[in-house]
There are 4 protein chains.
Amino acid sequence: VPGIRAYPIETSGPGDVRELRRLLEERIVRAEDVVCILGKTEGNGGRNDFTRELAMTAFEQLFAPRLGCAPEAVQDRVVFSLSGGTEGVVTPHIVVFVRDDATIVPGEKRLAVATGFTRELRPEEIGGMGQIEETARAVREVVARLDVESPADVHLVQMKGAIPPGGGPRCDMVHSRAASALGVAIALGEIDGSRVSDDTVCRDWSLYSSVASCSAKPGLERTEILAFGMSPRWGGDLVIDHGVLVDILDVAGIRAVAGRLGLPMGARDRIVGVYAKSEADPRGTVRGRRHTMLGDDDISDTRYSRCVLSSVLAATLGEPRVYVSTRAEHHGPVGGGPLAIIARVE
Amino acid sequence: VPGIRAYPIETSGPGDVRELRRLLEERIVRAEDVVCILGKTEGNGGRNDFTRELAMTAFEQLFAPRLGCAPEAVQDRVVFSLSGGTEGVVTPHIVVFVRDDATIVPGEKRLAVATGFTRELRPEEIGGMGQIEETARAVREVVARLDVESPADVHLVQMKGAIPPGGGPRCDMVHSRAASALGVAIALGEIDGSRVSDDTVCRDWSLYSSVASCSAKPGLERTEILAFGMSPRWGGDLVIDHGVLVDILDVAGIRAVAGRLGLPMGARDRIVGVYAKSEADPRGTVRGRRHTMLGDDDISDTRYSRCVLSSVLAATLGEPRVYVSTRAEHHGPVGGGPLAIIARVE
Amino acid sequence: VPGIRAYPIETSGPGDVRELRRLLEERIVRAEDVVCILGKTEGNGGRNDFTRELAMTAFEQLFAPRLGCAPEAVQDRVVFSLSGGTEGVVTPHIVVFVRDDATIVPGEKRLAVATGFTRELRPEEIGGMGQIEETARAVREVVARLDVESPADVHLVQMKGAIPPGGGPRCDMVHSRAASALGVAIALGEIDGSRVSDDTVCRDWSLYSSVASCSAKPGLERTEILAFGMSPRWGGDLVIDHGVLVDILDVAGIRAVAGRLGLPMGARDRIVGVYAKSEADPRGTVRGRRHTMLGDDDISDTRYSRCVLSSVLAATLGEPRVYVSTRAEHHGPVGGGPLAIIARVE
Amino acid sequence: VPGIRAYPIETSGPGDVRELRRLLEERIVRAEDVVCILGKTEGNGGRNDFTRELAMTAFEQLFAPRLGCAPEAVQDRVVFSLSGGTEGVVTPHIVVFVRDDATIVPGEKRLAVATGFTRELRPEEIGGMGQIEETARAVREVVARLDVESPADVHLVQMKGAIPPGGGPRCDMVHSRAASALGVAIALGEIDGSRVSDDTVCRDWSLYSSVASCSAKPGLERTEILAFGMSPRWGGDLVIDHGVLVDILDVAGIRAVAGRLGLPMGARDRIVGVYAKSEADPRGTVRGRRHTMLGDDDISDTRYSRCVLSSVLAATLGEPRVYVSTRAEHHGPVGGGPLAIIARVE
């Protein structure tokens with residue numbers, strides 16, 4: 001049966017691929033088995049964050065000769081999700097997910113990973129039903145490859161949303177992320193698709209996904225999809241679960257996800273990856289108290305909200321190697337967002 | 001018997017004294033009973049943070065006519081500890097501490113507060129045994145007024161350290177804070193005074209106080225001292241306890257202090273004030289993982305470390321109205337720092 | 001005849017009014033003669049810039065007893081234009097303009113200053129013809145008090161635009177500034193009023209004023225107007241002229257204005273005040289070269305553009321005591337903006 | 001005779017080498033003829049500026065196959081001087097300097113370029129006479145290859161100073177830059193070597209070079225040297241001259257250098273490269289006016305001073321494609337620094 005292995009690696013800088021190179025050179029990992037790499041780099045996560053490009057350049061140089069392809073074709077073979085911004089205690093790191101034949105066949109559900117793409121999207125489709133429906137279709141297709149028993153066994157759908165060149169009234173990062181998340185929510189039956197229309201995008205915040213984690217990238221013509229689920233027909237020793245955090249201070253929500261994975265607090269050795277979305281509550285308060293993140297012209301609220309949630313995750317789980325990205329339109333309730341944890345079984 | 005009442009007030013800006021004015025105008029608080037005001041303002045906490053000056057100006061205008069003194073004399077009558085930097089979820093706020101006759105005489109220890117000053121210090125004394133010994137002497141004098149049973153009943157000594165004009169090799173904020181903390185540690189018997197010398201300042205980090213919380217202010221000629229303890233001879237319904245956090249993610253340390261106060265998690269209604277010191281671990285790691293706070297030239301490590309510890313306190317206690325200040329030389333172990341919580345009894 | 005005296009004063013901080021207090025105490029200046037104070041404070045010029053509030057608090061405390069009014073009424077008696085952001089070499093400073101009887105009657109045009117207000121504006125009027133027409137009317141009224149020979153003798157109309165509470169689709173800073181500028185342009189005949197409509201606001205950038213300098217302030221119900229002109233019926237030894245800078249590097253434009261005032265380069269002793277508007281060219285280039293101001297998520301383009309133009313003004317005129325504010329919708333051509341210089345005659 | 005050609009290229013990002021690749025592919029430039037590349041990238045110029053690493057990675061990938069060497073060996077064949085920080089109007093760009101046989105033999109002095117290295121330096125030598133004397137020796141050696149008539153014909157010595165691993169009291173960027181500059185000053189006879197000792201480094205600011213432009217790089221074991229001069233025995237159509245700016249507003253100093261090159265103001269077509277050093281005057285004033293660059297905890301003084309001087313250069317020369325780097329210990333007088341301009345002859 002297929003199975004997933006994962007290699008969490010701390011990096012000393014955005015371009016540091018030494019440990020991954022070692023794994024490849026010592027044949028612990030075969031390049032063609034690498035499904036995806038998720039990582040945090042120490043940039044500002046904004047428009048002038050070149051750390052992701054530096055990391056991609058290093059990955060392309062590493063993989064191209066080993067995959068026998070051109071550097072620019074590496075991204076067609078491996079899905080990369082690199083997020084800038086390691087505010088506070090966050091440790092710059094990558095997690096390399098590798099798929100091959102599982103030697104362990106557990107008779108229980110195990111982590112399954114599959115990737116895919118939407119078709120190429122047109123600028124005028126972005127942020128509306130065009131993008132939403134095609135995303136839902138493509139997500140269903142990818143999920144089918146997970147071989148899960150039920151949509152409830154899908155715990156994380158990481159996506160890089162298309163923003164094709166050409167422009168348009170909604171052809172921006174906000175609307176692309178929002179439509180991606182709604183597409184996931186429909187595909188997995190989290191919401192009733194008949195409630196979604198062009199008009200509900202970025203308007204009806206009661207419609208959201210609890211497993212989507214979407215970014216968007218100007219210039220990208222099709223949305224990249226990376227789905228993580230639990231399947232009885234996959235092997236290995238990795239498991240995943242998820243939940244929704246009601247706000248960026250939601251310790252109980254974090255403990256609930258960890259609890260479902262049987263992770264005692266502080267036992268971080270079994271943690272492989274922690275994936276969450278943060279946002280500075282747009283209503284200007286958290287837990288009924290005023291916050292100042294949205295009116296600060298020195299430091300972006302994206303950096304603050306990542307710092308807050310990352311700190312709370314790191315403190316609660318005892319593990320600063322967390323992946324929090326920001327902006328969470330239709331990702332969980334307003335001011336909150338989804339959390340997924342991948343761990344080893346005991 | 002004497003007793004302390006406390007009024008935690010959220011502010012809408014650094015100059016917002018409307019609620020305190022109301023308390024004074026409605027005679028709920030008498031100006032001459034105000035012992036001290038501790039607060040967080042939404043500046044950067046650095047050299048160009050003018051929010052503290054704006055707050056002080058507002059307080060001076062409010063108190064001067066009510067105390068019958070000149071605006072610039074208000075600071076001789078009320079001790080102010082205003083700290084800039086409400087990174088992340090921190091709510092800008094003040095806590096007004098008022099002393100008068102307690103109507104409740106509990107037969108149990110209650111919060112006691114006293115203030116005082118060192119003599120004027122000379123520039124060449126700062127950062128060395130001169131400042132340390134005079135601080136220890138003055139702290140003992142202030143503590144005597146708390147009427148505590150034992151030095152172990154002193155839980156927080158907040159100080160604004162002198163940096164007299166004139167300069168000198170150690171006449172700076174780092175050394176003034178360090179010497180203040182060491183003075184407290186000696187006064188309360190936390191460390192053996194014979195181990196302290198000019199040479200151990202900012203060098204032997206095994207010497208520290210667990211209750212000191214020191215800032216320093218250029219131009220200040222004598223150190224301001226504000227001591228909080230638990231005394232069987234004070235009344236009221238407030239209590240305080242403290243502990244040491246081993247790092248800025250130390251949830252267990254926070255829970256221990258809350259636990260000693262009988263505060264169930266999430267029951268924030270009884271919390272009056274939360275006072276802690278943070279620092280970006282100078283060794284470059286937290287919990288064995290690399291952090292990037294010290295090498296970031298866009299955002300100061302002081303802002304990051306405040307954001308991290310404030311987030312962890314707010315999440316653990318369910319209360320974003322916390323006071324975290326930064327730089328913690330000889331305040332708790334390296335990378336950690338003291339935490340004190342003031343609460344109402346049930 | 002009436003005349004204007006001006007006192008440029010360097011400040012040591014936003015709340016520094018010592019020199020102005022001295023002028024008042026020594027009766028060099030009478031409080032009731034102060035027409036307006038223009039100044040730069042060392043904040044970030046953004047939403048969390050509290051330096052302007054700190055300065056206003058200090059001015060109110062200074063003037064209230066001397067004008068025999070409440071602190072909050074001082075702004076009805078003196079017009080203040082305080083702009084945050086002293087990036088680079090800019091010297092924090094104020095210029096105090098005083099009106100009384102001129103002892104010098106020159107037989108030549110001299111600086112005239114007048115102030116006024118629009119009526120209270122409704123939220124739905126902001127950013128459209130309602131605000132534009134009322135602004136034009138009020139500007140004409142204020143200009144009439146300058147007693148100039150021609151609208152061409154008006155060289156600077158500094159305004160703080162209304163943003164009344166209540167909201168509305170255009171009730172924001174961008175549209176309030178834009179409508180203020182268009183109102184000035186119509187009042188002074190710089191543009192043909194029939195070309196202006198709701199639809200041209202923030203759209204047809206060929207319509208602009210060369211003398212307006214507008215900010216906008218949330219909560220303000222009527223626009224404050226401050227007009228500077230040259231009148232043969234005013235005395236004193238001050239003169240003003242203006243011009244348009246085609247971009248933020250326009251040395252020739254600066255030299256042209258200085259030249260019309262007979263200011264030799266480097267002879268800064270005669271310079272009283274330098275007032276300009278800057279903006280990071282929205283087209284992404286200056287002089288045909290790419291700039292990176294608009295894509296930087298660490299530092300705001302407002303801070304960059306003020307730093308650039310202030311540096312060029314300071315270098316060209318030999319005087320870092322300049323007042324550059326930012327955002328210049330309908331102020332001069334796109335990427336450029338108006339410049340006015342006030343100087344003493346030889 | 002040897003001659004230098006130069007290709008100034010605007011870049012669209014730190015990793016953009018498309019135009020240089022075109023020049024190589026069309027054989028307009030041969031890889032083995034490239035002597036050095038100087039460029040500005042759009043990072044913060046600080047410790048977490050990864051744009052230089054991104055640019056270097058791109059250059060290594062471009063040159064390695066063409067030079068037949070490993071990527072990491074490219075830096076032994078071509079000298080790179082990449083400086084982060086394109087504040088304000090500065091255009092990210094590179095200038096590629098190519099040496100081959102000159103077809104033009106002018107009978108007049110022309111730009112000559114040579115490169116070299118010091119021997120490997122020991123940590124304890126950095127910042128003292130050890131580094132200074134070895135730098136002076138190596139600079140003399142490199143200058144000899146310029147074949148100039150006199151040391152006065154050397155106009156720019158760009159260096160990346162060694163900071164070998166191991167540490168030491170002065171083994172830091174400040175002292176490495178300082179010693180590099182003093183080494184140049186001695187080598188070229190700008191100062192009397194007998195006046196220089198360990199004690200004068202970073203202390204006696206009257207000792208400085210007017211042609212040095214030094215950075216320093218942790219981990220570098222030997223200092224890289226790049227010397228530009230004017231030689232009667234080199235051909236081509238490029239010339240260079242230099243001068244000292246007395247402060248970061250020194251328009252007269254800029255015009256003097258441009259004037260010696262026969263560059264009329266505004267005629268930027270002939271400008272190839274503009275190289276200067278900036279610093280926020282440590283005395284806290286520029287032209288007798290207070291500046292706030294050194295007390296700002298939101299934005300580094302290095303970013304401000306680069307922005308100021310770049311703006312003044314761009315405005316005076318009409319060319320935003322300038323290279324200003326910061327920190328200027330023993331580079332020109334305090335608060336000022338050297339300027340060199342490379343231009344084409346008419």
# chains A, B, ... in the order shown; residues from 1 in each chain; ligands from 1

call {"tool": "interface_residues", "arguments": {"of": "chain A", "to": "chain D", "cutoff": "9 Å", "atoms": "only C-alpha atoms", "output": "ChimeraX atom specification"}}
result
/A:13-15,42-43,48-51,53-55,57-58,61,298-299

call {"tool": "residues_around", "arguments": {"residues": "Thr223 in chain C", "least_positions_apart": "2", "cutoff": "8 Å", "atoms": "only C-alpha atoms", "output": "JSON, numbers by chain"}}
result
{"C": [117, 118, 119, 120, 135, 159, 160, 161, 162, 220, 221, 225]}

call {"tool": "atom_distance", "arguments": {"atom1": "CA of Glu125 in chain A", "atom2": "CA of Glu72 in chain A"}}
result
26.4 Å

call {"tool": "residues_around", "arguments": {"residues": "Arg170 in chain C", "least_positions_apart": "5", "cutoff": "9 Å", "atoms": "only C-alpha atoms", "output": "ChimeraX atom specification"}}
result
/C:123-128,175-176

call {"tool": "write_last_selection", "arguments": {"atoms": "N, CA and C atoms", "output": "PDB file, in the first residue's frame"}}
result
ATOM      1  N   PRO C 123     -21.725  63.625   5.627  1.00  0.00           N
ATOM      2  CA  PRO C 123     -20.892  62.517   5.126  1.00  0.00           C
ATOM      3  C   PRO C 123     -21.087  62.244   3.644  1.00  0.00           C
ATOM      4  N   GLU C 124     -22.327  62.348   3.185  1.00  0.00           N
ATOM      5  CA  GLU C 124     -22.567  62.000   1.782  1.00  0.00           C
ATOM      6  C   GLU C 124     -22.066  63.081   0.826  1.00  0.00           C
ATOM      7  N   GLU C 125     -21.732  64.257   1.341  1.00  0.00           N
ATOM      8  CA  GLU C 125     -21.180  65.300   0.471  1.00  0.00           C
ATOM      9  C   GLU C 125     -19.683  65.114   0.202  1.00  0.00           C
ATOM     10  N   ILE C 126     -19.025  64.389   1.115  1.00  0.00           N
ATOM     11  CA  ILE C 126     -17.555  64.300   1.045  1.00  0.00           C
ATOM     12  C   ILE C 126     -17.120  63.590  -0.237  1.00  0.00           C
ATOM     13  N   GLY C 127     -16.107  64.135  -0.854  1.00  0.00           N
ATOM     14  CA  GLY C 127     -15.550  63.506  -2.047  1.00  0.00           C
ATOM     15  C   GLY C 127     -16.335  63.774  -3.314  1.00  0.00           C
ATOM     16  N   GLY C 128     -17.371  64.607  -3.231  1.00  0.00           N
ATOM     17  CA  GLY C 128     -18.178  64.885  -4.417  1.00  0.00           C
ATOM     18  C   GLY C 128     -18.425  66.380  -4.558  1.00  0.00           C
ATOM     19  N   HIS C 175     -10.700  60.819  -0.607  1.00  0.00           N
ATOM     20  CA  HIS C 175     -11.663  61.639  -1.337  1.00  0.00           C
ATOM     21  C   HIS C 175     -11.831  63.023  -0.721  1.00  0.00           C
ATOM     22  N   SER C 176     -11.671  63.121   0.601  1.00  0.00           N
ATOM     23  CA  SER C 176     -11.788  64.447   1.214  1.00  0.00           C
ATOM     24  C   SER C 176     -10.646  65.353   0.756  1.00  0.00           C
TER      25      SER C 176
END

call {"tool": "closest_residue", "arguments": {"among": "D:Leu24, D:Leu121, D:Met129, D:Ala6", "to": "Arg99 in chain D", "atoms": "only C-alpha atoms"}}
result
D:Ala6
